[in-house]
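**Student:** Please find one structure pasted underneath; my questions will follow.
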Amino acid sequence: MIKQITNFIKILNSDVKEEEIALGIVLGLFAGFLSIVPFNFILVFILLLILKANFSMFFVSFAIFKLISLVIDPLGDVIGYFVLKLKFLHSFFSFLSSIPLMNFTQFNYSVVMGDFILAIVLTPFIYILSIKLVKNYREKLKEKVQKFKIVQALNLTNFFKIDKEG
Amino acid sequence: MVRKSGVIVSLIFIILILLFNLIFINMIVKGALVKAGEAIFGAKTEIEKVKVDLFKGKVLLEKLSVGDKNNEFKNLFEIEKINLGFEILPLLSKKIIIDNVDVLNLLLNSDRKTSGFLPPKKIKKQEEKKEKKPGLIDKLSAKLEDKAKQEIKKMPVLKMADKKEIANVDLKKYISIDNLESSKKIKEAKKNLETRKEEIKTNLQNLNIEKRAAEIKAKAENLKNFKINSAQDIPEAQKKLQELDAIKKEAESLNNDLNNAKNQITDFSNYANNQIKEVNAAKEKDIDSIMKNMNLNMLNASELEKALIGPVWYNRVNSVINLFNMAKKYIPKGEKKDKKKVVEHKREKGREVVFIAPKMLPNFWIKKINISVSKKDGFFVKGNIEDVCTEQVVIEKPLVFSLIASTGDKIYSMSGKINHIESINDIIELKADGLSGAMVGLNNVDLGNVNMKNCTVGFNLLGANVDDTITINGTIGLKQISWMKKEEDITYQVLSGIDKININLMLSMGNNTENIAISSDILEKIKSSIQKVYGKKIAEIRNKVNKEIEIKIKEQMKGLTDSIAGSNSELGKIFNSKKDKINSVNDYIASVKGGIEKQIKDEQNKVLDSKKQDLMKMFK
C-alpha cells in the first residue's frame with residue numbers, strides 16, 4: 001500500500017502526461033466496477049497493456065473504485081435490471097448473447113450492466129477532473145508541497161527524487 | 001495512444017491465460033464440480049479423478065461421492081464412473097451443452113469412512129447466500145416443520161407402579177362448572193346462535209317481501225280489468241300478456257331472493273348442529289383435563305400417535321418438497337411477453353436476465369443421462385433423466401426422469417416431470433417398498449425411553465407443484481416394527497403390541513389455501529392397548545367423570561337445545577309466511593294471465609265462426 005502511495009506521489013511529481021494519468025484512473029474505474037466478473041478485469045487489463053495509460057494510477061484507482069463498487073452494487077443492480085428489461089433493447093441483447101465470448105462478460109447480469117453504465121457515465125467527469133487536478137497540482141501545489149517538512153523528510157528516503165529523474 | 005509493445009505483451013498475456021487453463025483444466029473442472037456439489041447438496045463432495053479432453057469434447061469423472069447432510073457417515077450417493085460428451089463450439093459462448101452422460105454404478109446410502117459434513121465455516125457461508133425472502137415452498141416447509149415440532153415429542157415414561165394411584169379417586173373435588181370448557185362453549189354457542197338468528201331475521205326483513213309482493217300484485221291488478229271487445233284488441237291483449245310475463249319474472253326474482261334466505265336458514269340449522277358437536281368435543285376435553293388434574297398419569301392416545309407418525313410423514317414429505325425446491329432454484333420458469341421470451345435467474349447481488357432468440361442454445365443443457373448398473377449387490381440406481389436445462393423456455397422441453405433402485409426386496413423409485421417452460425407445473429412420484437427404518441432415518445428419532453428399533457417402510461407419494469399451489473397426497477406404511485426400551489414402562493407395553501402403522505396424508509398449500517390432513521390407523525390400536533394396560537378401572541372413572549359433567553351442564557344444555565329448536569321454528573314461520581305471500585301473488589298473476597288468454601281464445605273462436613259462416617254463405 002505504501003508503495004502504491006509512493007508511486008502515486010512520484011507520478012504526480014513526474015513529467016508523465018496528464019492524459020495518461022487520467023486514462024489510468026478511468027481504466028481503474030472500469031476494472032474496479034466490473035471486476036465482479038474476472039473476465040472483465042482481464043479485458044480491462046489488456047486495454048491497459050495496449051493503451052498508453054499509467055499503470056500505477058490504474059492500480060490506485062482500481063483499489064479505490066473496487067471499494068466504492070461494494071457500496072454501489074445495489075444501485076448497479078437496480079439500474080442494470082431496468083436497462084436489461086427495456087423491451088426495445090431485447091433484440092440487441094439477444095444479438096450480443098450470440099456473439100462468441102460475449103457471454104463471458106456477463107453483461108446480462110444486472111450488477112455488471114448497472115456498474116458498467118455507471119462507469120460509462122462517470123468516465124468523462126473522472127477523465128476531465130483527473131487532468132485538471134493533476135495540472136492544478138503541478139502548477140500551484142507542487143512547489144508548496146515540496147517545502148513541507150514531512151515531504152523533505154521523505155525526500156531523504158528518495159521518495160520524491162523521481163522529480164529529478166523525470 | 002497505443003503502445004506497440006503493449007499489443008505483443010497482451011497477446012503473450014492471453015496465450016499464458018489459455019495455456020494455464022489448458023494445463024490446469026482438470027483441476028479447475030474438479031474444483032468447480034466440488035463447489036457446485038457442496039452448494040447443491042450441502043455436504044462434502046469428493047471426486048477422485050477428473051479428465052477433461054477439451055478438443056474431443058469428453059469428460060471422465062471417477063469415484064464421485066456426495067455426503068448425506070443429515071447422516072455424518074453415510075453418502076447420499078456415490079458413483080463409480082461418469083462419462084460425458086459435450087459440444088465444443090457453444091463453450092465459446094459460455095454455454096454448456098452436454099449430449100449424453102453415462103453414469104455407471106450409482107449407489108445410494110453407502111457408508112463412508114470420514115465425516116460427510118461440511119466444515120461449519122462453509123455451512124455458514126452457504127446459509128448467508130441463501131435467499132432471505134421466503135417463497136411458497138419455504139413457507140410450506142416452515143409450516144410443516146412447525147407442525148412436526150408440535151407432534152414429535154419424547155414419549156412419557158410411566159412406571160407400572162403408577163397404576164395403583166387409579167384405585168381411589170374423589171371425583172367431585174376436581175369438577176367445577178366454572179372451569180368446564182363445555183359450559184363456556186354452551187354459553188358462547190347460545191350467544192353466537194342468537195346473533196346469527198337476528199342477522200337472518202334482519203336479512204329477511206330487508207328483502208321487503210310484503211311490500212314488493214304488494215307492488216307486483218298491484219301491477220297485475222291493472223291488467224285484470226282489460227277486456228277484449230273485438231278481434232282488433234287481440235294484439236293489445238298479447239302485449240298485456242308480455243307485460244304479465246315481465247311481472248311474473250319480478251315475482252320469480254322475489255322468490256329467488258327468498259330462496260337465498262332459505263339457504264341461510266339451512267346454514268343456521270347446520271351451524272346449530274355443529275355447535276352441539278363442539279360442545280360434546282369440549283366435554284371430551286374436559287374429561288381429559290380432569291383426568292389429567294387427577295394426576296393419574298394416563299397416556300394420551302392422540303399424543304402418542306402423533307409422536308410416532310410425526311417423524312415418518314415429515315421426512316417423506318420433506319423429500320418431495322426438497323425436490324420441488326431444487327427444481328425451483330435451478331430451473332426458473334420462463335416468461336413470454338409480447339412474443340419475446342425471457343428467463344431470470346437470481347444471483348448473489350442481483351439478477352441474470354437470459355434473452356431468448358430463435359435457434360439459440362440455453363446456458364446449460366444435458367440432453368440425456370443414462371444410469372446403468374454393472375454390479376449385483378447394493379442399492380444401485382438405474383434409469384434415465386432427460387433434458388436437464390436451466391432455461392426450459394429455450395428448448396421447450398420439460399425435464400423428465402425415471403429412476404429405480406432395488407436390491408433384494410427393497411425397491412425405491414422416483415419419477416416425474418419438471419415443467420417450467422412458461423409456468424411451473426411439476427409432478428413427482430416417490431414409491432418405495434421394503435426399505436429399512438435406518439434407510440429413511442427412523443432409527444435416529446429419539447422418542448425418549450422407547451424407540452423404534454427397526455421396521456420396514458413403504459410409501460407411495462404423489463406431489464404436484466402447479467404455479468402457486470403444492471399438493472402432496474399419499475400413503476406411508478410401516479410394518480414389522482420392533483421397539484427397544486431403556487427401562488420397562490407402560491408406554492413400552494402399549495407400543496409393543498403395535499407392529500404396523502399406516503399413514504394417509506393429504507397436504508395442499510397455496511397463497512390462499514392451506515390444508516394439512518394426516519391420519520393413521522393406530523389411534524384405535526393405541527386406545528385399546530392403553531385400555532388393556534390400565535384395565536377397566538380407568539374406563540369406569542372416565543364414565544363417572546362424563547356423567548358428573550353431564551349433570552353439571554344439564555340445564556345449560558337444555559337451554560341451548562331449546563334455543564336452537566325455538567330459533568329454527570321462528571325462522572321457519574317467518575320464511576313460510578313470506579313464501580305464502582309470494583305464492584299468492586304468483587297465483588294471482590296466473591289467474592289474470594288465464595283470464596286474458598281465455599278472452600283471446602274466445603275472440604279467436606268468434607272470428608273463426610263468423611268466417612266459417614261467411615264461407616258457407618258464399619257456397620250456397
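Labeling convention for the C-alpha cells: chains A, B, ... as they appear, residues from 1 per chain, ligands from 1 in order of appearance.
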As a list in words, please: the residues near segment 345-353 of chain B (cut-off 6 Å, only C-alpha atoms, same-chain neighbours under 6 positions excluded).
**Tutor:**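 Listing them by chain and then by number gives Asp77, Asn108, Tyr109, Ser110 and Val111 of chain A.
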**Student:** Which residues are near Ile518 of chain B? Cut-off 12 Å, only C-alpha atoms, ignore same chain within fewer than 4 positions. Put them as an mmCIF file with all heavy atoms, in the first residue's frame.
**Tutor:**
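Just written: out.cif:
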data_model
loop_
_atom_site.group_PDB
_atom_site.id
_atom_site.type_symbol
_atom_site.label_atom_id
_atom_site.label_comp_id
_atom_site.auth_asym_id
_atom_site.auth_seq_id
_atom_site.Cartn_x
_atom_site.Cartn_y
_atom_site.Cartn_z
ATOM 1 N N LEU B 144 -44.748 -26.973 7.851
ATOM 2 C CA LEU B 144 -44.669 -28.402 8.166
ATOM 3 C C LEU B 144 -43.722 -28.655 9.332
ATOM 4 O O LEU B 144 -43.982 -29.485 10.189
ATOM 5 C CB LEU B 144 -44.201 -29.186 6.941
ATOM 6 C CG LEU B 144 -45.213 -29.257 5.809
ATOM 7 C CD1 LEU B 144 -44.600 -29.890 4.597
ATOM 8 C CD2 LEU B 144 -46.436 -30.045 6.242
ATOM 9 N N LYS B 147 -45.484 -27.873 12.446
ATOM 10 C CA LYS B 147 -46.445 -28.924 12.795
ATOM 11 C C LYS B 147 -45.709 -30.152 13.340
ATOM 12 O O LYS B 147 -46.096 -30.727 14.351
ATOM 13 C CB LYS B 147 -47.274 -29.309 11.560
ATOM 14 C CG LYS B 147 -48.418 -30.259 11.888
ATOM 15 C CD LYS B 147 -49.327 -30.444 10.691
ATOM 16 C CE LYS B 147 -50.246 -31.626 10.863
ATOM 17 N NZ LYS B 147 -51.125 -31.570 12.006
ATOM 18 N N ALA B 148 -44.601 -30.496 12.639
ATOM 19 C CA ALA B 148 -43.846 -31.673 13.068
ATOM 20 C C ALA B 148 -43.268 -31.470 14.467
ATOM 21 O O ALA B 148 -43.295 -32.371 15.303
ATOM 22 C CB ALA B 148 -42.734 -31.959 12.069
ATOM 23 N N GLU B 151 -45.641 -32.129 17.075
ATOM 24 C CA GLU B 151 -46.032 -33.531 17.223
ATOM 25 C C GLU B 151 -44.898 -34.430 17.723
ATOM 26 O O GLU B 151 -45.116 -35.354 18.484
ATOM 27 C CB GLU B 151 -46.540 -34.061 15.879
ATOM 28 C CG GLU B 151 -47.811 -33.361 15.452
ATOM 29 C CD GLU B 151 -48.377 -33.918 14.182
ATOM 30 O OE1 GLU B 151 -47.777 -34.846 13.623
ATOM 31 O OE2 GLU B 151 -49.424 -33.423 13.748
ATOM 32 N N GLU B 305 -49.849 -41.168 19.277
ATOM 33 C CA GLU B 305 -49.956 -41.426 17.843
ATOM 34 C C GLU B 305 -49.148 -40.378 17.068
ATOM 35 O O GLU B 305 -48.358 -40.696 16.185
ATOM 36 C CB GLU B 305 -51.431 -41.352 17.409
ATOM 37 C CG GLU B 305 -51.631 -41.612 15.937
ATOM 38 C CD GLU B 305 -52.840 -40.887 15.374
ATOM 39 O OE1 GLU B 305 -53.328 -39.937 16.010
ATOM 40 O OE2 GLU B 305 -53.282 -41.264 14.279
ATOM 41 N N LYS B 306 -49.337 -39.098 17.462
ATOM 42 C CA LYS B 306 -48.647 -38.024 16.747
ATOM 43 C C LYS B 306 -47.137 -38.154 16.873
ATOM 44 O O LYS B 306 -46.394 -37.956 15.914
ATOM 45 C CB LYS B 306 -49.094 -36.671 17.294
ATOM 46 C CG LYS B 306 -50.460 -36.249 16.768
ATOM 47 C CD LYS B 306 -50.866 -34.944 17.402
ATOM 48 C CE LYS B 306 -52.286 -34.578 17.002
ATOM 49 N NZ LYS B 306 -52.780 -33.466 17.804
ATOM 50 N N ILE B 309 -46.079 -41.012 14.436
ATOM 51 C CA ILE B 309 -46.167 -40.851 12.978
ATOM 52 C C ILE B 309 -45.491 -39.573 12.487
ATOM 53 O O ILE B 309 -45.142 -39.462 11.326
ATOM 54 C CB ILE B 309 -47.622 -40.934 12.459
ATOM 55 C CG1 ILE B 309 -48.447 -39.734 12.929
ATOM 56 C CG2 ILE B 309 -48.279 -42.246 12.840
ATOM 57 C CD1 ILE B 309 -49.794 -39.638 12.243
ATOM 58 N N GLY B 310 -45.285 -38.606 13.409
ATOM 59 C CA GLY B 310 -44.668 -37.326 13.025
ATOM 60 C C GLY B 310 -43.390 -37.474 12.213
ATOM 61 O O GLY B 310 -43.309 -37.010 11.079
ATOM 62 N N VAL B 312 -42.256 -39.925 10.653
ATOM 63 C CA VAL B 312 -42.424 -40.735 9.431
ATOM 64 C C VAL B 312 -42.915 -39.854 8.285
ATOM 65 O O VAL B 312 -42.297 -39.776 7.226
ATOM 66 C CB VAL B 312 -43.428 -41.891 9.672
ATOM 67 C CG1 VAL B 312 -43.540 -42.747 8.433
ATOM 68 C CG2 VAL B 312 -43.001 -42.715 10.869
ATOM 69 N N TRP B 313 -44.035 -39.132 8.513
ATOM 70 C CA TRP B 313 -44.564 -38.335 7.402
ATOM 71 C C TRP B 313 -43.688 -37.133 7.124
ATOM 72 O O TRP B 313 -43.493 -36.753 5.975
ATOM 73 C CB TRP B 313 -46.025 -37.934 7.629
ATOM 74 C CG TRP B 313 -46.300 -36.926 8.709
ATOM 75 C CD1 TRP B 313 -46.810 -37.180 9.937
ATOM 76 C CD2 TRP B 313 -46.108 -35.505 8.658
ATOM 77 N NE1 TRP B 313 -46.936 -36.027 10.673
ATOM 78 C CE2 TRP B 313 -46.512 -34.976 9.909
ATOM 79 C CE3 TRP B 313 -45.619 -34.621 7.711
ATOM 80 C CZ2 TRP B 313 -46.445 -33.624 10.217
ATOM 81 C CZ3 TRP B 313 -45.559 -33.270 8.022
ATOM 82 C CH2 TRP B 313 -45.964 -32.780 9.255
ATOM 83 N N TYR B 314 -43.111 -36.539 8.174
ATOM 84 C CA TYR B 314 -42.336 -35.321 7.973
ATOM 85 C C TYR B 314 -41.133 -35.569 7.048
ATOM 86 O O TYR B 314 -40.895 -34.825 6.109
ATOM 87 C CB TYR B 314 -41.884 -34.765 9.324
ATOM 88 C CG TYR B 314 -41.070 -33.499 9.199
ATOM 89 C CD1 TYR B 314 -41.645 -32.348 8.680
ATOM 90 C CD2 TYR B 314 -39.729 -33.462 9.566
ATOM 91 C CE1 TYR B 314 -40.904 -31.186 8.537
ATOM 92 C CE2 TYR B 314 -38.988 -32.295 9.427
ATOM 93 C CZ TYR B 314 -39.584 -31.165 8.911
ATOM 94 O OH TYR B 314 -38.851 -30.021 8.766
ATOM 95 N N VAL B 317 -42.448 -36.315 3.360
ATOM 96 C CA VAL B 317 -42.983 -35.119 2.697
ATOM 97 C C VAL B 317 -41.852 -34.144 2.391
ATOM 98 O O VAL B 317 -41.786 -33.541 1.321
ATOM 99 C CB VAL B 317 -44.055 -34.456 3.603
ATOM 100 C CG1 VAL B 317 -44.379 -33.054 3.140
ATOM 101 C CG2 VAL B 317 -45.318 -35.296 3.599
ATOM 102 N N ILE B 472 -49.530 -32.658 -1.965
ATOM 103 C CA ILE B 472 -48.845 -33.943 -1.780
ATOM 104 C C ILE B 472 -49.861 -34.906 -1.169
ATOM 105 O O ILE B 472 -50.421 -34.627 -0.103
ATOM 106 C CB ILE B 472 -47.608 -33.817 -0.866
ATOM 107 C CG1 ILE B 472 -46.607 -32.817 -1.465
ATOM 108 C CG2 ILE B 472 -46.926 -35.165 -0.688
ATOM 109 C CD1 ILE B 472 -45.460 -32.463 -0.546
ATOM 110 N N ASN B 473 -50.123 -35.969 -1.873
ATOM 111 C CA ASN B 473 -51.055 -36.973 -1.360
ATOM 112 C C ASN B 473 -50.351 -38.321 -1.332
ATOM 113 O O ASN B 473 -49.469 -38.573 -2.158
ATOM 114 C CB ASN B 473 -52.279 -37.107 -2.277
ATOM 115 C CG ASN B 473 -53.097 -35.843 -2.277
ATOM 116 O OD1 ASN B 473 -53.187 -35.159 -1.262
ATOM 117 N ND2 ASN B 473 -53.663 -35.514 -3.414
ATOM 118 N N GLY B 474 -50.769 -39.164 -0.448
ATOM 119 C CA GLY B 474 -50.193 -40.499 -0.493
ATOM 120 C C GLY B 474 -50.339 -41.269 0.799
ATOM 121 O O GLY B 474 -51.022 -40.839 1.731
ATOM 122 N N THR B 475 -49.707 -42.427 0.792
ATOM 123 C CA THR B 475 -49.762 -43.281 1.970
ATOM 124 C C THR B 475 -48.349 -43.711 2.352
ATOM 125 O O THR B 475 -47.473 -43.844 1.488
ATOM 126 C CB THR B 475 -50.579 -44.562 1.696
ATOM 127 O OG1 THR B 475 -50.019 -45.181 0.534
ATOM 128 C CG2 THR B 475 -52.030 -44.264 1.447
ATOM 129 N N ILE B 476 -48.148 -43.916 3.629
ATOM 130 C CA ILE B 476 -46.861 -44.416 4.118
ATOM 131 C C ILE B 476 -47.191 -45.592 5.036
ATOM 132 O O ILE B 476 -48.090 -45.484 5.883
ATOM 133 C CB ILE B 476 -46.090 -43.343 4.919
ATOM 134 C CG1 ILE B 476 -45.950 -42.058 4.086
ATOM 135 C CG2 ILE B 476 -44.716 -43.857 5.334
ATOM 136 C CD1 ILE B 476 -45.491 -40.870 4.892
ATOM 137 N N ASN B 502 -50.194 -47.485 9.326
ATOM 138 C CA ASN B 502 -50.473 -46.932 8.001
ATOM 139 C C ASN B 502 -50.848 -45.473 8.153
ATOM 140 O O ASN B 502 -51.686 -45.127 8.980
ATOM 141 C CB ASN B 502 -51.631 -47.685 7.330
ATOM 142 C CG ASN B 502 -51.160 -49.033 6.842
ATOM 143 O OD1 ASN B 502 -50.140 -49.127 6.159
ATOM 144 N ND2 ASN B 502 -51.868 -50.078 7.217
ATOM 145 N N ILE B 503 -50.214 -44.657 7.352
ATOM 146 C CA ILE B 503 -50.465 -43.215 7.458
ATOM 147 C C ILE B 503 -50.987 -42.704 6.116
ATOM 148 O O ILE B 503 -50.429 -43.025 5.063
ATOM 149 C CB ILE B 503 -49.167 -42.463 7.824
ATOM 150 C CG1 ILE B 503 -48.617 -42.982 9.155
ATOM 151 C CG2 ILE B 503 -49.395 -40.965 7.879
ATOM 152 C CD1 ILE B 503 -47.178 -42.627 9.397
ATOM 153 N N ASN B 504 -52.047 -41.922 6.177
ATOM 154 C CA ASN B 504 -52.569 -41.269 4.974
ATOM 155 C C ASN B 504 -52.294 -39.790 5.091
ATOM 156 O O ASN B 504 -52.511 -39.212 6.154
ATOM 157 C CB ASN B 504 -54.090 -41.453 4.872
ATOM 158 C CG ASN B 504 -54.420 -42.860 4.469
ATOM 159 O OD1 ASN B 504 -53.858 -43.393 3.521
ATOM 160 N ND2 ASN B 504 -55.309 -43.471 5.217
ATOM 161 N N LEU B 505 -51.835 -39.201 4.018
ATOM 162 C CA LEU B 505 -51.645 -37.765 4.118
ATOM 163 C C LEU B 505 -52.165 -37.030 2.901
ATOM 164 O O LEU B 505 -52.069 -37.504 1.770
ATOM 165 C CB LEU B 505 -50.194 -37.411 4.420
ATOM 166 C CG LEU B 505 -49.077 -37.797 3.491
ATOM 167 C CD1 LEU B 505 -48.768 -36.658 2.586
ATOM 168 C CD2 LEU B 505 -47.872 -38.120 4.331
ATOM 169 N N MET B 506 -52.769 -35.899 3.183
ATOM 170 C CA MET B 506 -53.275 -35.018 2.126
ATOM 171 C C MET B 506 -52.849 -33.626 2.522
ATOM 172 O O MET B 506 -53.213 -33.130 3.572
ATOM 173 C CB MET B 506 -54.802 -35.077 2.069
ATOM 174 C CG MET B 506 -55.326 -36.245 1.284
ATOM 175 S SD MET B 506 -57.073 -36.464 1.569
ATOM 176 C CE MET B 506 -57.717 -34.989 0.846
ATOM 177 N N LEU B 507 -52.071 -33.047 1.663
ATOM 178 C CA LEU B 507 -51.468 -31.781 2.026
ATOM 179 C C LEU B 507 -51.607 -30.830 0.846
ATOM 180 O O LEU B 507 -51.287 -31.204 -0.280
ATOM 181 C CB LEU B 507 -50.016 -32.134 2.244
ATOM 182 C CG LEU B 507 -49.116 -31.346 3.076
ATOM 183 C CD1 LEU B 507 -48.201 -32.327 3.750
ATOM 184 C CD2 LEU B 507 -48.331 -30.446 2.199
ATOM 185 N N SER B 508 -52.107 -29.661 1.077
ATOM 186 C CA SER B 508 -52.120 -28.710 -0.033
ATOM 187 C C SER B 508 -51.881 -27.325 0.528
ATOM 188 O O SER B 508 -52.342 -26.980 1.617
ATOM 189 C CB SER B 508 -53.435 -28.773 -0.798
ATOM 190 O OG SER B 508 -54.437 -28.165 -0.063
#
**Student:** Which is closest to Lys95 of chain B among A:Ile99, A:Val134, A:Lys140, A:Leu122, if we use only C-alpha atoms?
**Tutor:** A:Ile99
**Student:** Of the residues B:Asn460, B:Ser520, B:Lys485, B:Ile530, which is the one nearest to Ile501 of chain B, using only C-alpha atoms?
**Tutor:**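 Using only C-alpha atoms, the shortest distance to Ile501 of chain B belongs to B:Ser520.
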**Student:** Write out as a list of chain:residue names the set of residues from segment 77-139 of chain B that DSSP, computed on the backbone, places in strand (DSSP E).
**Tutor:**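 Matching residues for strand (DSSP E) in segment 77-139 of chain B are B:Phe77, B:Glu78, B:Ile79, B:Glu80, B:Lys81, B:Ile82, B:Asn83, B:Leu84, B:Gly85, B:Phe86, B:Ile96, B:Ile97, B:Ile98, B:Asp99, B:Asn100, B:Val101, B:Asp102, B:Val103, B:Leu104, B:Asn105, B:Leu106, B:Leu107, B:Leu108.
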**Student:** Save the residues we just selected, C-alpha atoms, as a PDB file, in the first residue's frame?
**Tutor:**
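again29.pdb, written as the output of this step:
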ATOM      1  CA  PHE B  77     -24.935 -41.308  -3.252  1.00  0.00           C
ATOM      2  CA  GLU B  78     -21.676 -42.366  -4.840  1.00  0.00           C
ATOM      3  CA  ILE B  79     -20.891 -43.009  -8.475  1.00  0.00           C
ATOM      4  CA  GLU B  80     -18.133 -45.180  -9.852  1.00  0.00           C
ATOM      5  CA  LYS B  81     -17.752 -43.575 -13.242  1.00  0.00           C
ATOM      6  CA  ILE B  82     -19.296 -40.777 -15.287  1.00  0.00           C
ATOM      7  CA  ASN B  83     -18.575 -40.312 -18.987  1.00  0.00           C
ATOM      8  CA  LEU B  84     -19.943 -37.258 -20.660  1.00  0.00           C
ATOM      9  CA  GLY B  85     -19.722 -35.789 -24.097  1.00  0.00           C
ATOM     10  CA  PHE B  86     -20.184 -32.061 -24.611  1.00  0.00           C
ATOM     11  CA  ILE B  96     -22.539 -25.931 -21.649  1.00  0.00           C
ATOM     12  CA  ILE B  97     -24.363 -28.366 -23.888  1.00  0.00           C
ATOM     13  CA  ILE B  98     -23.922 -31.991 -22.901  1.00  0.00           C
ATOM     14  CA  ASP B  99     -25.280 -34.500 -25.375  1.00  0.00           C
ATOM     15  CA  ASN B 100     -25.074 -37.567 -23.211  1.00  0.00           C
ATOM     16  CA  VAL B 101     -23.971 -38.602 -19.768  1.00  0.00           C
ATOM     17  CA  ASP B 102     -23.340 -42.232 -18.946  1.00  0.00           C
ATOM     18  CA  VAL B 103     -23.411 -42.907 -15.244  1.00  0.00           C
ATOM     19  CA  LEU B 104     -22.141 -46.263 -14.094  1.00  0.00           C
ATOM     20  CA  ASN B 105     -22.945 -47.752 -10.705  1.00  0.00           C
ATOM     21  CA  LEU B 106     -24.821 -45.086  -8.777  1.00  0.00           C
ATOM     22  CA  LEU B 107     -25.028 -46.425  -5.232  1.00  0.00           C
ATOM     23  CA  LEU B 108     -27.398 -44.921  -2.662  1.00  0.00           C
TER      24      LEU B 108
END
**Student:** Show me, as JSON, numbers by chain, the residues that have an atom within 8 Å of Lys431 of chain B when counting only C-alpha atoms, minus same-chain residues fewer than 3 positions from it.
**Tutor:** {"B": [411, 412, 413, 414, 458, 459, 460, 461]}
**Student:** Could you write those residues out with C-alpha atoms, as a PDB file, in the first residue's frame?
**Tutor:**
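Written out: out-v5.pdb:
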ATOM      1  CA  ILE B 411     -37.369 -51.026  -4.010  1.00  0.00           C
ATOM      2  CA  TYR B 412     -37.200 -47.278  -4.313  1.00  0.00           C
ATOM      3  CA  SER B 413     -38.406 -45.438  -7.371  1.00  0.00           C
ATOM      4  CA  MET B 414     -38.692 -41.849  -8.326  1.00  0.00           C
ATOM      5  CA  GLY B 458     -43.072 -48.484   2.154  1.00  0.00           C
ATOM      6  CA  PHE B 459     -44.650 -45.385   0.697  1.00  0.00           C
ATOM      7  CA  ASN B 460     -46.399 -44.024  -2.316  1.00  0.00           C
ATOM      8  CA  LEU B 461     -46.405 -40.257  -2.594  1.00  0.00           C
TER       9      LEU B 461
END
**Student:** If you run DSSP on the backbone here, which positions in segment 422-568 of chain B get helix (DSSP H, G or I)? Please write them as a ChimeraX atom specification.
**Tutor:** /B:442-444,490-496,523-534,536-568
**Student:** Of the residues B:Val343, B:Ala301, B:Ser402, B:Ile553, which is the one nearest to Val494 of chain B, using only C-alpha atoms?
**Tutor:**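 Result for the nearest residue to Val494 of chain B: B:Ala301.
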**Student:** Set the cut-off to 8 Å and count only C-alpha atoms: what are the residues of chain A that reach chain B? Output as a ChimeraX atom specification.
**Tutor:** /A:46,49-52,73-74,77,81,84,90-91,93-94,97-104,108-111
**Student:** So which residues touch Ala438 of chain B within 9 Å, counting only C-alpha atoms, skipping near sequence neighbours fewer than 3 positions away, as a ChimeraX atom specification?
**Tutor:** /B:435,441-444,453-455
**Student:** Residues within 10 Å of Lys185 of chain B, please, as a list in words. Count only C-alpha atoms; anything in the same chain fewer than 6 positions from it doesn't count.
**Tutor:**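 Here the qualifying residues turn out to be Lys191, Gln275, Ile276, Glu278, Val279, Asn280, Ala281, Ala282 and Lys283 of chain B.
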**Student:** Residues near segment 595-609 of chain B, anyone? I mean within 12 Å using only C-alpha atoms, not counting same-chain ones fewer than 2 positions away, as a PyMOL selection string.
**Tutor:** chain B and resi 220-221+223-244+588-593+611-616
**Student:** In Å to one decimal, how far is atom CA of Val445 of chain B from atom CA of Gly37 of chain B?
**Tutor:**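 Answer for the atom CA of Gly37 of chain B to atom CA of Val445 of chain B separation: 27.3 Å.
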**Student:** In Å, with one decimal, what is the gap from atom CA of Gly28 of chain A to atom CA of Phe58 of chain A?
**Tutor:**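 Atom CA of Phe58 of chain A lies 4.5 Å from atom CA of Gly28 of chain A.
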**Student:** Report the distance between atom CA of Ile385 of chain B and atom CA of Ala39 of chain B in Å, rounded to one decimal place.
**Tutor:** 21.1 Å
**Student:** May I have the residues within 12 Å of Leu75 of chain A as a list in words, using only C-alpha atoms and disregarding those fewer than 2 positions away in the same chain?
**Tutor:** Phe33, Ile68, Ser69, Leu70, Val71, Ile72, Asp73, Asp77, Val78, Ile79, Gly80, Tyr81, Phe82, Ser110, Val111, Val112, Met113, Gly114, Asp115, Phe116, Ile117 and Leu118 of chain A; Lys349 and Gly350 of chain B
